[in-house]
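A short worksheet on the structure shown next.
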Amino acid sequence: MTSLLSIERLSIFYGGIQVLHDVSIHLEQGEIVSVLGANGAGKSTLLQAVSGLVPIGSGSVFFRGEKLNSIPPYEIVRKGISLSPEGRRVFPTLTVEENLNLGAYTRKRMKDEVREAKDRVFSLFPILSERRRQLSGTLSGGEQQMLAIGRALMSSPKVLLLDEPSLGLAPILVKQIFDIISEINSQGTSILLVEQNAHKALNIASRGYVLENGHLAASGPTASLRSDKKIQEAYLGGAALKKRPFPAKTGQS
Amino acid sequence: MELTPLNGIEKLASSRQLHIALATAAFLIYPFLVSDYFIDIAFYFGIYTLLGLSLNIVLGEVGLFDLGHAGFYAIGAYTTAILNTKFGIPILVLLPLSALAAAFFAYVVCSPVIHLQGDYLLIVTLGMGEIVRLALINNPFDLTGGPNGVFGIDFPSLGPWLVIDSSLEYYFLIWIIVGLTILGLTRLQDSRIGRAWNYIREDETAANANGIDSRSYKLLAFVLGAALAGVAGNVYASKLMCVSPESFTFWESCLMFCIVLIGGMGSIPGVILGAAFISLFPEIFRPFAMYRMLVFGSAMILMMMFRPGGVWPRKRGAVKYESLLEGTGRTDA
Amino acid sequence: MKKYVLLVSVLFLVLGLSSAHAANDTVVIGLQGPITGPWAYEGQMAKQSCEIAADLINQKGGILGGKKVVLKVEDDAGEPKSGALAAQKLVAQKDVVAVVSTYGSSVCEPASNIYEKFKKVNIGYGVTAVRLTQRGFNYFFRTCGRDDSQGKFFADFVPKKFNAKRIAIMHDNTAFGKGLAEDTRNALEPMIAQGQAEIVYFDAITPGERDFRVPLTNLREAKPEVWYFTGYYAEAALLVSQARDIGIICPFVGGNAAINDEFVKIAGLDVAKGCYMTNEPLPGDLPYPEAKEFLEAYKAKFGDIPSSPWPIYAADALNIIAYAVDKSGTTDSTKLAAYLRDEVNGAPGITGPIGFTEQGDREGVPFYLYVVDDQGKIVVSK
Amino acid sequence: MLEGRTHAAGDIVLETVGLTKIFGGLTAVNSIDLKVHKGEILSLIGPNGAGKTTVFNVVTGIYRPEFGQVFFRGERITGKKPHQIVSYGIARTFQNIRLFPDMTCRENVMAGRHCRSTSGLLSSIFRTPRQRAEEDMIRETTEKRLRQVKLWKSRDELAKNIPYGSQRMLEIARALASDPKLLVLDEPSSGLNPRETQDLMAFLRGIIHEEDLTILLIEHDMNMVMGISDWVVVMDGGRKIAEGIPEDIYADQRVIEAYLGKEDEDSTEYDIPAEH
Amino acid sequence: MHVILEQIINGLTIGSFYALIALGYSMVYGVLKLINFAHGDFFTLGSYLGYTVLVFGAAFMTAHFGLWGALIAALVFAGVSLAIVGLIVERVAYRPVYPAGRLPAVVSALGASIFLQNTIMVGWGPRFQAYPATLIPNVHIQLGSIHLTLLQIMILLLSFALMGTLYYIVQKTTFGAAIRATAHDRKTASLMGININKVILFVFTLGPALGAVTGIMVGMYYRQISFTMGWNYGLKAFTASVLGGIGNIPGAMLGGLILGVLEMLGAAYISAAWKDVFVFIILILVLIFRPTGILGEKTAEKV
């Protein structure tokens, strides 16, 4: 049986730089899978490649067995993969409701389904319902994040790609967002989650991958990853500290 | 083929000198082979080259969108026309004065808008060019002669010794000015000022972070570009012996813009080729009568399709530099 | 290196196009006019008129005992710089005896400087700015009138005809229109001094504009009894129709460029009828036999007679050059200029007898007041 | 907390006092005190959006702070324009390399000399002896810096055409060409592979030994931070949450929480508005 | 007082022409960041096509569909033709040049403008062409002391209807939101499932079509058209779109109307000859104090 989404030996280049090296990841129906790693590890690039925003260097992406390489982004949305991008990227001069409607752009003829989807988003994020006529540029960071996720849900995707949903949010909101992510998942959407906040991400995911400098550093079920020292090292540079050729200059007293 | 750096320099320098010598020789011989009509065409080619070079400083070197350059050209021409006809000041004395007048005008009008970016600067300069032209038509203080323009402008002379009143002499006048301008601009390109301009064009924030006061350098570019356009205006006015507003339209500014882009931003030989295209093309295609501008328009599109960077873009790094430190024992790499 | 080859070949292409020569049994007369550009219409009619005039001369056996008159046309696009280049191109051709040049005063100015310098007789046909003949030039003449002669005609004739005291003058800020407006004002000065007239409105509109409701509203508020517009037909047609829209009903008098068949077409018959104009006699109203002959030939070849007076003056400029060459027996420019200035007097022309003043102006150009009749025809006002 | 450092107060190169920067209601930098001592490498770290780059932009004059002051070698430089800051002796690089892409490597490095030269329009046109001497000086320093970053061979290539790692080094060479006292590096390792990062670290270590230089660093790559810093300052949500030597920071619970997130729920109820 | 009201209405009429043309500039700029210098010539070409239909097809059409039928036919024919011309120009002159950046596109836009203008000159001749005078009954309406014509009222109604429709499409429909989203952030817009090429197609058909309709209105209003008129209108409309905030669709409408009224008021109360100077000075002042126009978004560069 093929996976819902499978990324096989993916390599991506920006100009002359290789940012992803032979990365393979798969996502099964109903799963939440986390991709962890420090900044610049290549996590966002991975999601953008799946969405068709960056050209694939080598390797392939399959969705329900269908190859997605070189399919334009708007077709990929149509097939049922939706990305909530890093930094939220809401359209600030559009109202909340317009942002949501755009999320359902591929289904704009199916009025009923759009309304259902919107009701679902509003029930997940009641605050958006209150602010539906407000310009989204005036929302707070957390509200914008909710809008970005809600917007991605509007196309009723099979796979939801979330890029750093907790970025720049206060802890209380982080918890809220993660609760909602679990709920979305329990309603049947499979989620590929890219996240810096490793603990939170591992809490809700069933499996995880750790990226380090574009390479897959570790992967496995969350329980085993949690105890893996590799994560802290990947994040905080533990390896380097150990290898440090000289002590801190001002550190010696 | 592997050349040692020194060989490279020699080879390039000699071929460059050869090019320049060939070009100079061609320009010297040309007017003696042809009739006044062709000398005059070459004269207007020279005017457009000078205009192109002047806009190239602003647009090519600094990357500021200036679609009102004809305004500076007009200021130079009218300064010459008015001061010469009203006060009898000799044209050659007015040459620097026209440059100063245009430069001063540029300084005053550009100071408040120099911070504008891209297309907004474009529309502001466009508006300034139009304001100049409309003001000339409206004859403020009875100076500009309104739509009639100013007529009866003298030819350049220095007493009885130097009198410039034939096509041949005008040809040499403009091309000597162009030649000196090219010399000066080439030297500027290879100085901290020329580099500062390029830094601003490439990345203004990074330029600032490297200690370049981008505001002053942008103003300097406008002022210098306007001064050169003023010089072109001076020569143009004395050649035609009259000036009228219809010579300084928005279209004229567009042509200058095209000269720089067709040639290649920041490239001096490019500007010459661009000016040749703009001034010679319509004359060559005179026999096509009313179809000639159709051909001209399509040629512009085709040119950008196949040479989007210009016909002769500036090649950086073509001149190889040798080491100053080698042999001094100070090299550590 | 490739670029040099390109450059050199472009230059030679330019050179290659400069091969003009003529046989010995012809007399070449140049014509400079706006064959392209915004005044292409005038330029092309001038070209046609000169062709007819030359044909007529040649049919009658030519000049100088059988030499044919040949026309050589250069386009100046109605623009000063191109005008200078066109002039330069004509003077460079040694076989061109004299030039008919050109339509538009500001184009004529730099061009006539060049002709003067190279001692080439040049005769303007659509250049009415007064200053052109005040430069003390030896080689410049014109067959058309001057702005001030028309202004004088207006002052002498129009207020009386309409019994109008309050006069509005509007021009279009072009060299021609503004000149005519100012000359008219000057010509009215004596009457104003005596209290017989008053200029209640004097202002410019911007040519190329389409909306004149603002200046017209101001004009309406000035309550003129007659309104003189000294611009071109394109604006005149808009002005009159917009004026009628906002309730200006006083008589409209246009200058000699304001009214023609196009004017009637654009303004529409309703608006156009009853509009007046001061004008040189239109081709069809010329009483001279030369005119009849010329117009028949023109109509035979081009189907219709010229719709504006200027092409006829171009034909007359060609005629007078041919006449002077023939009578003086010389093609030397200096002698020709002197002959034109001193000896030509009452020579036959399509527009009546031709002679030149000391300055080079045409002697005695008559003006008529025309009106658009109920059928949209432009007829002499009774 | 500060006992790790032994320098006297007189050795302070850069100091910020109560630095605060507000963007439309969001306090991006909240009362930051920073002391950078002479000859050290100080890293400013923190999760995304912590306000590190804003601190940099205030120090280098791109933003004006709402409150607080910046002192450089005892002089107040608050609110100076970016192009003035350089001549004081602070040179910087950018997070996403900002070279002059269509100019040669040589010309790029020459930019750094701009603030140390003075020739004007006329002396450049007439090539006065002084101007030529100055150009020679510029060329010499440029060559020295290019050789230092091992890019002398690529001097005549366009900056956009050299490998990414080299571009990083070129940007550093450009900054060094102004002979700065303080080098401000914004994520110098981003986009570099581990090998290149190692080289960069060695290089920075090297120049700080050889020259009278101090380095202020923003870095995400903890390998680099931990491997090179003398002192680490950690920011989160616009505030300074910790500082110390790398070993202490690595073990600091607050830092771990800031980076990896917390196990326990936090009850603070604030929400940061969107970035502007 | 009646004079100023009359001037304002005149200003709104000419302003609505500017606004409709400015929309074409602004939509293209919003999506492609390209100043389409050929847009003024789309307007001229539309005017000439409408003229041709009205003059040569009028007899036939008036007989079969009545006067209104002929008018509608002219509007539709010119609109559709220009939509096609717009697409061709985009394909031929702009699309191949985009990848090289914005400046080459300026030259090729100017080239396209010269080409179109001269095509019109060759096709219809250099003379002014006159729209038939009797299309719309020349009815004068006097409201109080304000003089208006039936034609003027019809033009105001039609242009406001067009602007209203476009405003509705852009501000109230999902497709309109897609256009605005694309103008703001292309990449994210494509994540919404928006096909950017379709949006480009839309702006390059609708803009020229609106220009063409405006061309016919201008022809009917002034009854006279020339092949060079596109430059003047284009320049003013471009100014209007910058004044309103280029790339912003309501801004273009507002900018056009403001420009028209300013022009008329400047002419009435300052001087007819200096009115354009006045307009440009206002524009420059607006840009000095609000560098992105009246409704333009503030853009700050991230360092």
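Ligands are numbered from 1 in the order shown, residues from 1 within each chain, and chains are lettered A, B, ... in the order they appear in the structure tokens.
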Which residues, written as a list in words, have at least one atom at most 12 Å from Val163 (chain B), with only C-alpha atoms counted and residues fewer than 6 positions away on the same chain left out?
Pro90, Ile91, Leu92, Asp154, Phe155, Pro156, Ser157, Glu169, Tyr170 and Leu173 of chain B
Residues of chain C at most 7 Å from chain B: nearest atom pair and distance in Å, only C-alpha atoms, as JSON lines:
{"residue": "C:Val14", "atom": "CA", "partner": "B:Ile284", "partner_atom": "CA", "distance": 5.9}
{"residue": "C:Thr36", "atom": "CA", "partner": "B:Met290", "partner_atom": "CA", "distance": 6.2}
{"residue": "C:Leu85", "atom": "CA", "partner": "B:Tyr37", "partner_atom": "CA", "distance": 6.5}
{"residue": "C:Gln88", "atom": "CA", "partner": "B:Tyr37", "partner_atom": "CA", "distance": 4.9}
{"residue": "C:Lys89", "atom": "CA", "partner": "B:Tyr37", "partner_atom": "CA", "distance": 4.8}
{"residue": "C:Ala92", "atom": "CA", "partner": "B:Ser35", "partner_atom": "CA", "distance": 6.1}
{"residue": "C:Ser106", "atom": "CA", "partner": "B:Asn148", "partner_atom": "CA", "distance": 6.5}
{"residue": "C:Pro110", "atom": "CA", "partner": "B:Leu240", "partner_atom": "CA", "distance": 5.3}
{"residue": "C:Asn173", "atom": "CA", "partner": "B:Pro147", "partner_atom": "CA", "distance": 6.1}
{"residue": "C:Thr174", "atom": "CA", "partner": "B:Pro147", "partner_atom": "CA", "distance": 5.3}
{"residue": "C:Ala175", "atom": "CA", "partner": "B:Asn148", "partner_atom": "CA", "distance": 4.5}
- Item | Contacts of region 285-297 of chain C at 8 Å (only C-alpha atoms; same-chain gap of 3+ positions) as a PyMOL selection string | chain C and resi 52-53+56+281-282+300-301+305+348-352
Go ahead and save the residues from that selection, with C-alpha atoms, as a PDB file, in the first residue's frame.
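Okay, part_34.pdb is ready:
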ATOM      1  CA  ILE C  52       0.501  69.820 -60.588  1.00  0.00           C
ATOM      2  CA  ALA C  53       2.156  73.214 -60.913  1.00  0.00           C
ATOM      3  CA  LEU C  56       1.488  72.548 -66.003  1.00  0.00           C
ATOM      4  CA  PRO C 281      -9.487  83.523 -50.793  1.00  0.00           C
ATOM      5  CA  LEU C 282     -10.134  79.797 -50.930  1.00  0.00           C
ATOM      6  CA  ALA C 300      -8.462  65.758 -62.665  1.00  0.00           C
ATOM      7  CA  LYS C 301      -5.564  64.075 -60.970  1.00  0.00           C
ATOM      8  CA  ILE C 305      -9.536  70.512 -54.973  1.00  0.00           C
ATOM      9  CA  PRO C 348       0.819  85.877 -62.791  1.00  0.00           C
ATOM     10  CA  GLY C 349      -0.076  83.481 -59.974  1.00  0.00           C
ATOM     11  CA  ILE C 350      -2.867  81.195 -58.974  1.00  0.00           C
ATOM     12  CA  THR C 351      -3.555  83.443 -56.010  1.00  0.00           C
ATOM     13  CA  GLY C 352      -3.328  86.604 -58.030  1.00  0.00           C
TER      14      GLY C 352
END
Exercise for the section: Considering only C-alpha atoms, return as number ranges by chain whatever protein or nucleic-acid residues lie within 10 Å of Tyr48 (chain B), sequence-local ones (same chain, fewer than 3 positions apart) excluded. Expected result: B: 42-45, 51-54, 178, 229, 232, 252, 255-256, 259, 271-272, 274-279
message: Only residues of chain B matter here; which ones have an atom within 7 Å of chain E, counting only C-alpha atoms? Give them as a ChimeraX atom specification.
response: /B:113,116,124,127,131,134,138,258,261,293-294,297-298,300-301,304-305,308
Selection file, N, CA and C atoms, as a compact mmCIF listing (two decimals), in the first residue's frame:
# COMPACT_ATOMS: atom_id res chain seq x y z
N VAL B 113 12.74 65.29 -3.56
CA VAL B 113 12.12 64.04 -4.03
C VAL B 113 13.11 62.90 -4.17
N LEU B 116 12.46 59.27 -3.07
CA LEU B 116 11.43 58.42 -3.65
C LEU B 116 12.05 57.23 -4.38
N VAL B 124 7.57 61.42 -10.77
CA VAL B 124 7.90 62.78 -10.32
C VAL B 124 8.82 63.46 -11.34
N GLY B 127 6.83 64.38 -14.25
CA GLY B 127 6.06 65.59 -13.97
C GLY B 127 6.93 66.83 -14.06
N ILE B 131 6.43 70.01 -16.40
CA ILE B 131 6.27 71.36 -15.84
C ILE B 131 7.19 72.32 -16.57
N LEU B 134 5.73 72.98 -20.08
CA LEU B 134 4.53 73.81 -20.04
C LEU B 134 4.87 75.24 -19.65
N ASN B 138 4.15 78.74 -21.66
CA ASN B 138 3.34 79.82 -21.09
C ASN B 138 4.10 81.12 -20.92
N CYS B 258 15.49 55.27 -23.71
CA CYS B 258 15.73 54.14 -24.59
C CYS B 258 17.21 54.06 -24.99
N LEU B 261 18.96 52.24 -22.26
CA LEU B 261 18.60 50.84 -22.09
C LEU B 261 18.96 50.00 -23.31
N MET B 293 8.27 54.59 -38.69
CA MET B 293 8.13 54.48 -37.24
C MET B 293 7.58 53.12 -36.81
N LEU B 294 6.85 52.48 -37.71
CA LEU B 294 6.41 51.11 -37.43
C LEU B 294 7.62 50.21 -37.26
N GLY B 297 9.42 51.02 -33.94
CA GLY B 297 8.77 50.43 -32.77
C GLY B 297 9.05 48.94 -32.65
N SER B 298 8.92 48.24 -33.77
CA SER B 298 9.17 46.78 -33.71
C SER B 298 10.63 46.51 -33.38
N MET B 300 12.55 48.21 -31.51
CA MET B 300 12.77 48.38 -30.07
C MET B 300 12.35 47.12 -29.31
N ILE B 301 11.18 46.57 -29.69
CA ILE B 301 10.71 45.36 -29.00
C ILE B 301 11.69 44.21 -29.23
N MET B 304 14.90 44.38 -27.21
CA MET B 304 14.79 44.03 -25.80
C MET B 304 14.56 42.53 -25.64
N MET B 305 13.93 41.93 -26.66
CA MET B 305 13.70 40.49 -26.59
C MET B 305 15.03 39.75 -26.66
N PRO B 308 18.17 41.90 -23.78
CA PRO B 308 17.53 42.65 -22.68
C PRO B 308 18.53 43.47 -21.88
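From CA of Ile249 (chain C) back to CA of Pro224 (chain C), the distance works out to 9.5 Å.
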- Counting only C-alpha atoms, which residues from chain E have an atom at most 8 Å from any atom of chain A, and could you show them as a list in words?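 Per the criterion, chain E yields Thr174, Ala177, Ala178, Arg180, Ala181, His184, Asp185, Lys187, Thr188, Ser190, Leu191, Met192, Gly193, Ile194 and Asn195 of chain E.
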Any idea which chain D residues end up within 12 Å of chain E if we count only C-alpha atoms, as a ChimeraX atom specification please?
/D:23,53-58,60-63,93-98,186,275-276
Can I get the selection written as a PDB file, in the first residue's frame, with C-alpha atoms?
ATOM      1  CA  PHE D  23       7.059  48.981  15.765  1.00  0.00           C
ATOM      2  CA  THR D  53      18.210  41.650  14.098  1.00  0.00           C
ATOM      3  CA  THR D  54      16.362  44.701  15.351  1.00  0.00           C
ATOM      4  CA  VAL D  55      19.130  45.245  17.908  1.00  0.00           C
ATOM      5  CA  PHE D  56      21.616  45.022  15.062  1.00  0.00           C
ATOM      6  CA  ASN D  57      19.686  47.467  12.947  1.00  0.00           C
ATOM      7  CA  VAL D  58      19.506  49.953  15.787  1.00  0.00           C
ATOM      8  CA  THR D  60      24.094  50.098  12.800  1.00  0.00           C
ATOM      9  CA  GLY D  61      21.784  53.061  12.416  1.00  0.00           C
ATOM     10  CA  ILE D  62      19.087  51.607  10.198  1.00  0.00           C
ATOM     11  CA  TYR D  63      16.470  52.123  12.910  1.00  0.00           C
ATOM     12  CA  THR D  93      27.204  42.040   7.156  1.00  0.00           C
ATOM     13  CA  PHE D  94      23.654  41.037   6.397  1.00  0.00           C
ATOM     14  CA  GLN D  95      21.560  37.993   7.188  1.00  0.00           C
ATOM     15  CA  ASN D  96      20.784  37.353   3.530  1.00  0.00           C
ATOM     16  CA  ILE D  97      24.049  38.348   1.910  1.00  0.00           C
ATOM     17  CA  ARG D  98      23.841  41.802   0.413  1.00  0.00           C
ATOM     18  CA  ASP D 186      24.228  38.840  11.048  1.00  0.00           C
ATOM     19  CA  GLU D 275       5.412  41.811  12.638  1.00  0.00           C
ATOM     20  CA  HIS D 276       5.439  44.990  10.650  1.00  0.00           C
TER      21      HIS D 276
END
*Non-local contacts of region 127-143 of chain D (9 Å; only C-alpha atoms; under 5 positions in same chain excluded) as a list in words*: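 The residues that qualify are Arg187, Ser191, Arg192, Ser323, Leu324, Leu325 and Thr331 of chain B; Arg106, Glu107, Val109, Met110, Gly112, Arg113, His114, Arg116, Ser117, Thr118, Ser119, Gly120, Leu122, Gln148, Trp152, Arg155, Ala173, Arg174, Ala177 and Ser178 of chain D.
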*Select all residues from chain B having any atom no more than 6 Å from an atom of chain D (counting only C-alpha atoms, ignoring ligands), output as JSON, numbers by chain.*
{"B": [184, 187, 188, 202, 208, 209, 210, 211, 212, 213, 317, 333]}
Mind writing the picked residues with N, CA, C and O atoms as a short mmCIF file (atom, residue, chain, number, x, y, z; two decimals), in the first residue's frame?
data_model
loop_
_atom_site.label_atom_id
_atom_site.label_comp_id
_atom_site.auth_asym_id
_atom_site.auth_seq_id
_atom_site.Cartn_x
_atom_site.Cartn_y
_atom_site.Cartn_z
N GLY B 184 36.12 62.03 -19.18
CA GLY B 184 35.81 62.34 -17.78
C GLY B 184 34.97 61.25 -17.14
O GLY B 184 35.26 60.80 -16.02
N ARG B 187 36.88 58.09 -16.39
CA ARG B 187 37.67 58.24 -15.17
C ARG B 187 36.78 58.18 -13.94
O ARG B 187 37.15 57.56 -12.94
N LEU B 188 35.62 58.77 -14.03
CA LEU B 188 34.71 58.72 -12.89
C LEU B 188 34.28 57.29 -12.61
O LEU B 188 34.20 56.87 -11.45
N GLU B 202 23.18 48.86 -7.14
CA GLU B 202 23.11 47.43 -6.87
C GLU B 202 22.34 47.14 -5.58
O GLU B 202 21.56 46.21 -5.54
N ASN B 208 24.73 52.03 1.93
CA ASN B 208 24.68 52.85 3.14
C ASN B 208 25.51 52.21 4.25
O ASN B 208 26.24 52.89 4.95
N ALA B 209 25.35 50.91 4.37
CA ALA B 209 26.06 50.21 5.44
C ALA B 209 27.56 50.26 5.22
O ALA B 209 28.33 50.01 6.14
N ASN B 210 27.99 50.59 4.00
CA ASN B 210 29.42 50.72 3.74
C ASN B 210 29.88 52.17 3.76
O ASN B 210 30.93 52.50 3.24
N GLY B 211 29.03 53.02 4.32
CA GLY B 211 29.49 54.39 4.51
C GLY B 211 29.20 55.32 3.37
O GLY B 211 29.79 56.39 3.27
N ILE B 212 28.33 54.89 2.46
CA ILE B 212 28.02 55.76 1.33
C ILE B 212 26.75 56.52 1.62
O ILE B 212 25.70 55.93 1.87
N ASP B 213 26.88 57.83 1.58
CA ASP B 213 25.72 58.68 1.85
C ASP B 213 24.90 58.71 0.57
O ASP B 213 25.14 59.52 -0.32
N GLY B 317 35.11 43.66 -14.83
CA GLY B 317 36.17 42.68 -14.66
C GLY B 317 36.90 42.39 -15.94
O GLY B 317 37.74 41.49 -16.00
N ALA B 333 48.31 35.04 1.08
CA ALA B 333 47.40 34.04 0.54
C ALA B 333 47.90 33.56 -0.80
O ALA B 333 48.64 34.25 -1.47
#
